[in-house]
Amino acid sequence: MHLARSIFALQFCAILHPDAANSQVKPDTGRSILAVRATQPIKIDGRITEGVWQRAGETSFTQRQPDEGAPASQKTEAWVAYDEDALYVAVKLYDSHPDSIMGRLARRDQDSESDEIGVGIDAAHDKRTAMYFLVNPAGAIQDGTFSNDTQMDESWDGVWDVAVHVEEWGWTAEYRIPYSQLRFPKADHYTWGIEIYRGIKRRNEESYLVLYPRTDRVRVSRWVELKGIEGIKPPARIELLPYAAATGKFVQEPGVDAFNVGRTDPFEFQRRYPFNIGADAKVGLAGDVTLDLSLNPDFAQVEVDPAVVNLTAYEVYYQEKRPFFMEGSNILSFGRGGASGLQDFNWSDPNFFYSRRIGRAPQGSVNHRGFLDVPDRTTILGAAKVSGKITNSWSFAAVSALTDREHGQADSAEVRFKNEIEPLSFYGIVRTLKEFNDARQAIGILGTVVGRDMRDDRLKGVMNNRALSIGLDGWSFLDEKKIWVLTGWAGASSVSGTKDRMVNLQRSAQHYFQRPDASYLGVDSSATSLTGWASRIWLDKVSGNWIFNSAIGAIHPNFETNDVGFLSRADVINSHIYLGYEWYEPEGMFRTKAISGAIVREFNFGGKKTGESYQLFLSGQFLNYWGASLSLAYYGETYDDQRTRGGPLMKSLRSRSMALNLSSDSRKSLYGSLNVSAGRGESGGWLYTTGLYFNWKASRTLNTSIYIDFSRVHNASQFITAVADVQATATYGTRYVFGVLDQKQLSTTLRLNWTFTPKLSFQLYLQPLLSTGSYPSIMELAQPGTFMFNRYGEWKSWNPDFNFKSLRANAVFRWEYLPGSTMYFVWTNEKMDYESRGDFSLERDVSRLMRMTPDNVYSIKITYWINP
């Protein structure tokens, strides 16, 4: 409890500390930049020789780091011009040591760890959203969007032009940003927001036209005003992107049934060589609103998902990697607006919209043996997205998609069987957010709907017929200086289906209504629908050296969003208090440092305490730009209502953990980090993990990184299975079987990025994984609500040990052969092996994995951008 008292003492100091009211730096509201109309064509060559640039430019830049508030160490001069079609920005970046300018080639949107210049444009002048455009001295570019004032999203890829040139006194950058890439309503005279940022890598220096302090989580709303633009109008924004994609799959075929021996697989050719064509369209509607259409979209992702050994009952969450869903996804973000530093501990917001549900692998199966033809993803017939701003303070987005009815086929001795394995389905998502009083308050709505047309009764038992959800979110700043903000969300869900489906849903890992000692729950076998709610609210301090964040959230047992969202578990009430202090002024051996702590409590809806922890975090950056962090945690004795996977409660005994990280100076050609973590509990369980990361900037064009991770886990109570037995009266007629698990896992992630030009690159991803688990003893839960076990006598008849090995490789060749037009060539290779043995032998396991025959998939995709 000493840690708890320390955290409350920090909280008391935060309330009394004067910086809580005076730390926020006031924006320079009177400053502006004048854009001048270009009377002659501007050639984008980086030379900055046109007449429109031959005038005094803007030179007042302020450091954000390393010396916050000081003038920039090197002179920067910037100009802005415009014509009927585009906005132009020219920048001269003087450098007293031009031989030290760092410029490395990198593929688009990859951090090149170089000097750079960035331009941000808030064309709607809503002081919340913007586009940004970055370039380094080698011509490598990054672009993306701002939302919620500070949140950056790199998924947007605009079509714009920039040229750079290295001079004996420094370097230059010259931009052309077409109006078609900006969103703004028609006006006689325009006032936009603009930010110009310069990074000098060797000094880790960031300087801006207007400073936004590190203690202040405000950005776009501080930008300088850009004035002088008049006599232009928003263009008709029409973009077409047709594509063609072909794939060759050379995979290991499953064993042939006896009745098909000697026959050729009739599905082999169509399964191995799929071909697809389609098109995307982007159409500007009224004002800022854009319509995105996709006809027969190719939603295959370019990068593979990492291999995961999942011993839990919960689904693994994977990041979205498909461009249609990634681009502009920030406008569909929900529940966390207004604040930028919200904290969560042992809590994950349920997603109302998880885009990877659309086009996922079919959920049904073929119920006959033989040669099989089963698609690995659901065909998306079409998708549409409308997004934009109705007014400067009112945003709107809607997404709809229709997925095809999928069938699986089986050929059994020349007899064909066909089963529906995925129904015709509609997905709809609507989102709107209205801000008030200069974004001091806001309220938003998010709604989703899923409808399925199921013709096969087997599917009706595994999928919901209909799913609806609605959520309200918003925020309100509590003081004039916008230091304290209250933000949160609340939502409800309703799903319906057959009685069998509702029973399966109630018994699923997300709900576990069958828990025998949960008197407030119970499986309703007559139900044909399930309706629940969820909510979370935060109080956050958004500026100043003192950090404060507290939250409380709840997910009702009946809440369910997995048809088009993502929910790991329901029946949880979670709360925390988080408090800390950050120092940004160099002192002693530290350049910056921070201390913070958290107290966390968690309950289920039956009132049982399921979580209790006290956590302490220390971090700092040294004067030489190395960094270190340390976290300590104590977990109290609680109940675990998930470990028996639908069975009775178990005790979760006290435990402690720590994690240490040490990182080196990323300015060097070779840098890295070391991560060490360990934990031990009164149950007898323990763990430790070690991770080692290296990044080598081998040349101006080649970058490689490797991450090696080894973990050893001794789990004193790993769930294995549940066995019905009427004689197990102490545990409600079921024996809950656990094992002492000794798991060892070694994984390596290797990435190679070879950039030939800013538009031509090669990327290689390689991930070998070895994971073994042995069970030296097997036992069963002796008494609900305890951590006591009896020896399980039946275990010698079966072997839960495992030895899993995999190797995943992914190579991507990208070529932007014309602006907005790209060719991809992708190779994916995968090996996988499983044995029922629990010992770990690096030499043996690697040798066996290398002898495995891999699955190889080759894909080529070509897109062509048309801007009529």
# chains A, B, ... in the order shown; residues from 1 in each chain; ligands from 1
>>> residues_around(residues="A:Thr391", least_positions_apart="2", cutoff="12 Å", atoms="only C-alpha atoms", output="count of residues only")
22
>>> residues_around(residues="A:Thr531", least_positions_apart="6", cutoff="7 Å", atoms="only C-alpha atoms", output="NGL selection string")
:A and (493-495 or 558-559)
>>> write_last_selection(atoms="N, CA and C atoms", output="PDB file, in the first residue's frame")
ATOM      1  N   SER A 493     -26.160  -2.507 -27.934  1.00  0.00           N
ATOM      2  CA  SER A 493     -26.123  -3.457 -29.044  1.00  0.00           C
ATOM      3  C   SER A 493     -27.322  -4.376 -28.965  1.00  0.00           C
ATOM      4  N   SER A 494     -27.719  -4.894 -30.121  1.00  0.00           N
ATOM      5  CA  SER A 494     -28.808  -5.864 -30.184  1.00  0.00           C
ATOM      6  C   SER A 494     -28.527  -6.826 -31.331  1.00  0.00           C
ATOM      7  N   VAL A 495     -28.515  -8.115 -31.028  1.00  0.00           N
ATOM      8  CA  VAL A 495     -28.322  -9.129 -32.061  1.00  0.00           C
ATOM      9  C   VAL A 495     -29.480 -10.109 -31.991  1.00  0.00           C
ATOM     10  N   ASN A 558     -24.542  -8.750 -21.630  1.00  0.00           N
ATOM     11  CA  ASN A 558     -25.264  -8.998 -22.880  1.00  0.00           C
ATOM     12  C   ASN A 558     -24.716  -8.220 -24.070  1.00  0.00           C
ATOM     13  N   PHE A 559     -23.748  -7.346 -23.848  1.00  0.00           N
ATOM     14  CA  PHE A 559     -23.238  -6.502 -24.926  1.00  0.00           C
ATOM     15  C   PHE A 559     -22.490  -7.359 -25.941  1.00  0.00           C
TER      16      PHE A 559
END
>>> select_by_dssp(residues="stretch 336-442 of chain A", states="strand (DSSP E)", output="ChimeraX atom specification")
/A:371-373,380-391,394-403,406-412,415-422,424-436,441-442
>>> atom_distance(atom1="atom CA of A:Ala81", atom2="atom CA of A:Val210")
19.8 Å
>>> residues_around(residues="A:Ile860", least_positions_apart="3", cutoff="10 Å", atoms="only C-alpha atoms", output="PyMOL selection string")
chain A and resi 244-248+275+812-813+823-827
>>> closest_residue(among="A:Leu770, A:Leu446, A:Val256, A:Leu87", to="A:Arg844", atoms="only C-alpha atoms")
A:Leu770
>>> decode(residues="stretch 520-554 of chain A", atoms="N, CA, C and O atoms", output="compact mmCIF listing (two decimals), in the first residue's frame")
# COMPACT_ATOMS: atom_id res chain seq x y z
N TYR A 520 -26.32 -14.15 -11.24
CA TYR A 520 -26.93 -13.08 -12.03
C TYR A 520 -26.95 -13.41 -13.52
O TYR A 520 -27.46 -12.61 -14.32
N LEU A 521 -26.40 -14.56 -13.91
CA LEU A 521 -26.37 -14.98 -15.30
C LEU A 521 -27.08 -16.31 -15.45
O LEU A 521 -27.39 -16.99 -14.48
N GLY A 522 -27.29 -16.69 -16.69
CA GLY A 522 -27.89 -17.98 -16.99
C GLY A 522 -28.19 -18.07 -18.47
O GLY A 522 -28.56 -17.07 -19.10
N VAL A 523 -28.02 -19.24 -19.05
CA VAL A 523 -28.28 -19.43 -20.46
C VAL A 523 -29.79 -19.57 -20.67
O VAL A 523 -30.44 -20.43 -20.08
N ASP A 524 -30.33 -18.69 -21.50
CA ASP A 524 -31.76 -18.71 -21.83
C ASP A 524 -31.92 -19.43 -23.15
O ASP A 524 -31.64 -18.87 -24.22
N SER A 525 -32.37 -20.68 -23.11
CA SER A 525 -32.47 -21.48 -24.34
C SER A 525 -33.64 -21.07 -25.22
O SER A 525 -33.75 -21.54 -26.36
N SER A 526 -34.51 -20.21 -24.72
CA SER A 526 -35.65 -19.76 -25.53
C SER A 526 -35.39 -18.40 -26.19
O SER A 526 -36.21 -17.92 -26.97
N ALA A 527 -34.26 -17.79 -25.89
CA ALA A 527 -33.98 -16.44 -26.41
C ALA A 527 -33.71 -16.47 -27.90
O ALA A 527 -33.09 -17.40 -28.43
N THR A 528 -34.17 -15.45 -28.59
CA THR A 528 -33.85 -15.26 -30.01
C THR A 528 -33.17 -13.91 -30.25
O THR A 528 -32.96 -13.51 -31.39
N SER A 529 -32.81 -13.23 -29.17
CA SER A 529 -32.09 -11.96 -29.30
C SER A 529 -31.31 -11.71 -28.02
O SER A 529 -31.57 -12.32 -26.98
N LEU A 530 -30.37 -10.78 -28.11
CA LEU A 530 -29.53 -10.42 -26.98
C LEU A 530 -29.26 -8.93 -27.07
O LEU A 530 -28.80 -8.43 -28.11
N THR A 531 -29.56 -8.19 -25.99
CA THR A 531 -29.40 -6.74 -25.98
C THR A 531 -28.59 -6.33 -24.77
O THR A 531 -28.86 -6.78 -23.65
N GLY A 532 -27.57 -5.50 -24.98
CA GLY A 532 -26.73 -5.06 -23.88
C GLY A 532 -26.20 -3.66 -24.09
O GLY A 532 -26.49 -3.01 -25.09
N TRP A 533 -25.42 -3.18 -23.14
CA TRP A 533 -24.90 -1.82 -23.20
C TRP A 533 -23.45 -1.80 -22.70
O TRP A 533 -22.96 -2.73 -22.05
N ALA A 534 -22.76 -0.70 -23.00
CA ALA A 534 -21.40 -0.49 -22.53
C ALA A 534 -21.14 1.01 -22.49
O ALA A 534 -21.78 1.79 -23.21
N SER A 535 -20.18 1.43 -21.65
CA SER A 535 -19.89 2.86 -21.53
C SER A 535 -18.52 3.05 -20.88
O SER A 535 -18.04 2.17 -20.16
N ARG A 536 -17.91 4.19 -21.17
CA ARG A 536 -16.66 4.57 -20.48
C ARG A 536 -16.55 6.09 -20.50
O ARG A 536 -16.91 6.74 -21.48
N ILE A 537 -16.00 6.64 -19.41
CA ILE A 537 -15.82 8.08 -19.29
C ILE A 537 -14.46 8.34 -18.64
O ILE A 537 -14.03 7.62 -17.75
N TRP A 538 -13.77 9.37 -19.16
CA TRP A 538 -12.46 9.76 -18.66
C TRP A 538 -12.48 11.22 -18.20
O TRP A 538 -13.18 12.05 -18.79
N LEU A 539 -11.68 11.53 -17.20
CA LEU A 539 -11.34 12.89 -16.84
C LEU A 539 -9.84 13.03 -17.09
O LEU A 539 -9.04 12.28 -16.53
N ASP A 540 -9.46 14.00 -17.95
CA ASP A 540 -8.08 14.08 -18.39
C ASP A 540 -7.57 15.51 -18.30
O ASP A 540 -8.28 16.46 -18.64
N LYS A 541 -6.34 15.63 -17.84
CA LYS A 541 -5.63 16.91 -17.83
C LYS A 541 -4.75 16.94 -19.07
O LYS A 541 -3.84 16.12 -19.22
N VAL A 542 -4.98 17.90 -19.97
CA VAL A 542 -4.38 17.85 -21.30
C VAL A 542 -3.18 18.77 -21.46
O VAL A 542 -2.58 18.81 -22.53
N SER A 543 -2.80 19.52 -20.44
CA SER A 543 -1.63 20.38 -20.58
C SER A 543 -0.94 20.52 -19.23
O SER A 543 -1.52 20.25 -18.17
N GLY A 544 0.31 20.99 -19.29
CA GLY A 544 1.09 21.16 -18.08
C GLY A 544 2.00 19.98 -17.80
O GLY A 544 1.89 18.91 -18.41
N ASN A 545 2.93 20.16 -16.89
CA ASN A 545 3.86 19.10 -16.52
C ASN A 545 3.18 17.99 -15.72
O ASN A 545 3.58 16.83 -15.80
N TRP A 546 2.18 18.36 -14.93
CA TRP A 546 1.45 17.34 -14.18
C TRP A 546 0.52 16.58 -15.12
O TRP A 546 -0.15 17.16 -15.98
N ILE A 547 0.49 15.27 -14.95
CA ILE A 547 -0.38 14.39 -15.73
C ILE A 547 -1.44 13.84 -14.79
O ILE A 547 -1.13 13.38 -13.69
N PHE A 548 -2.69 13.89 -15.23
CA PHE A 548 -3.76 13.26 -14.46
C PHE A 548 -4.76 12.68 -15.43
O PHE A 548 -5.16 13.31 -16.42
N ASN A 549 -5.15 11.44 -15.16
CA ASN A 549 -6.17 10.78 -15.97
C ASN A 549 -6.88 9.77 -15.09
O ASN A 549 -6.23 8.99 -14.39
N SER A 550 -8.18 9.80 -15.11
CA SER A 550 -8.96 8.78 -14.40
C SER A 550 -10.12 8.35 -15.28
O SER A 550 -10.57 9.11 -16.15
N ALA A 551 -10.57 7.13 -15.08
CA ALA A 551 -11.63 6.60 -15.95
C ALA A 551 -12.41 5.53 -15.22
O ALA A 551 -11.91 4.88 -14.29
N ILE A 552 -13.65 5.36 -15.66
CA ILE A 552 -14.46 4.23 -15.24
C ILE A 552 -15.26 3.77 -16.44
O ILE A 552 -15.78 4.59 -17.22
N GLY A 553 -15.31 2.46 -16.64
CA GLY A 553 -16.03 1.91 -17.78
C GLY A 553 -16.69 0.60 -17.42
O GLY A 553 -16.27 -0.10 -16.48
N ALA A 554 -17.72 0.24 -18.16
CA ALA A 554 -18.45 -1.00 -17.90
C ALA A 554 -18.94 -1.58 -19.22
O ALA A 554 -19.33 -0.85 -20.13
